[in-house]
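J.: For reference, the structure I am asking about is given below.
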Amino acid sequence: MRPGKRWESDELELVVEEYMRMLADIRSQKPVNKLATARSLAECLGRTRSAVEYVWGNISYVLHTNGREWMEGEPPRGNASKLLTQIVTRLA
């Protein structure tokens with residue numbers, strides 16, 4: 001695990017891509033398993049599931065502040081870094 005380590009750009013891109021994929025699936029009324037996705041991302045990135053979910057809340061914040069739809073169950077946290085904001089803006 002990488003507790004306390006700064007998130008790298010490639011890690012955040014992967015988390016944002018998965019968030020946006022799940023959001024698209026939700027919009028299309030396809031089944032989404034957020035818990036399994038969070039666990040998979042955490043394992044892949046060497047992070048905790050809660051760390052991934054925390055980033056999801058920050059992605060929701062960026063989307064919300066830009067007047068975009070965000071994923072229900074992942075409320076905006078208001079703690080998005082400049083790097084995360086740039087990545088969400090580019091990929092959303």
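Just so we're on the same page: first chain in the structure tokens is A, next is B, and so on; residues restart at 1 for each chain, and ligands are numbered from 1 in the order they show up.
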Do a neighbour search on segment 69-81 of chain A at 12 Å with only C-alpha atoms, toss out local chain neighbours closer than 6 positions, and write the hits as a ChimeraX atom specification.
T.: /A:6-9,12,16,18-27,32-35,38,50,52-63,87-89,92
J.: Enumerate the residues of chain A with a DSSP assignment of alpha helix (DSSP H), computed from the backbone, and present them as a PyMOL selection string.
T.: chain A and resi 9-27+34-45+49-65+82-91
J.: For the atom pair atom CA of Leu83 of chain A and atom CA of Ala51 of chain A, what is the interatomic distance in Å to one decimal place?
T.: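 About the pair atom CA of Leu83 of chain A and atom CA of Ala51 of chain A: they are 16.2 Å apart.
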J.: For atom CA of Ser40 of chain A and atom CA of His64 of chain A, quote the distance in Å rounded to one decimal.
T.: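 Computing the Euclidean distance for atom CA of Ser40 of chain A and atom CA of His64 of chain A yields 25.4 Å.
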J.: Could you check which of A:Arg90, A:Thr65, A:Lys82, A:Ala42 is closest to Glu11 of chain A, using only C-alpha atoms?
T.: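 Comparing A:Arg90, A:Thr65, A:Lys82, A:Ala42 against Glu11 of chain A, the winner is A:Ala42.
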J.: May I ask for the distance between atom CA of Leu41 of chain A and atom CA of Glu13 of chain A, given in Å to one decimal place?
T.: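 Calculated distance between atom CA of Leu41 of chain A and atom CA of Glu13 of chain A is 11.5 Å.
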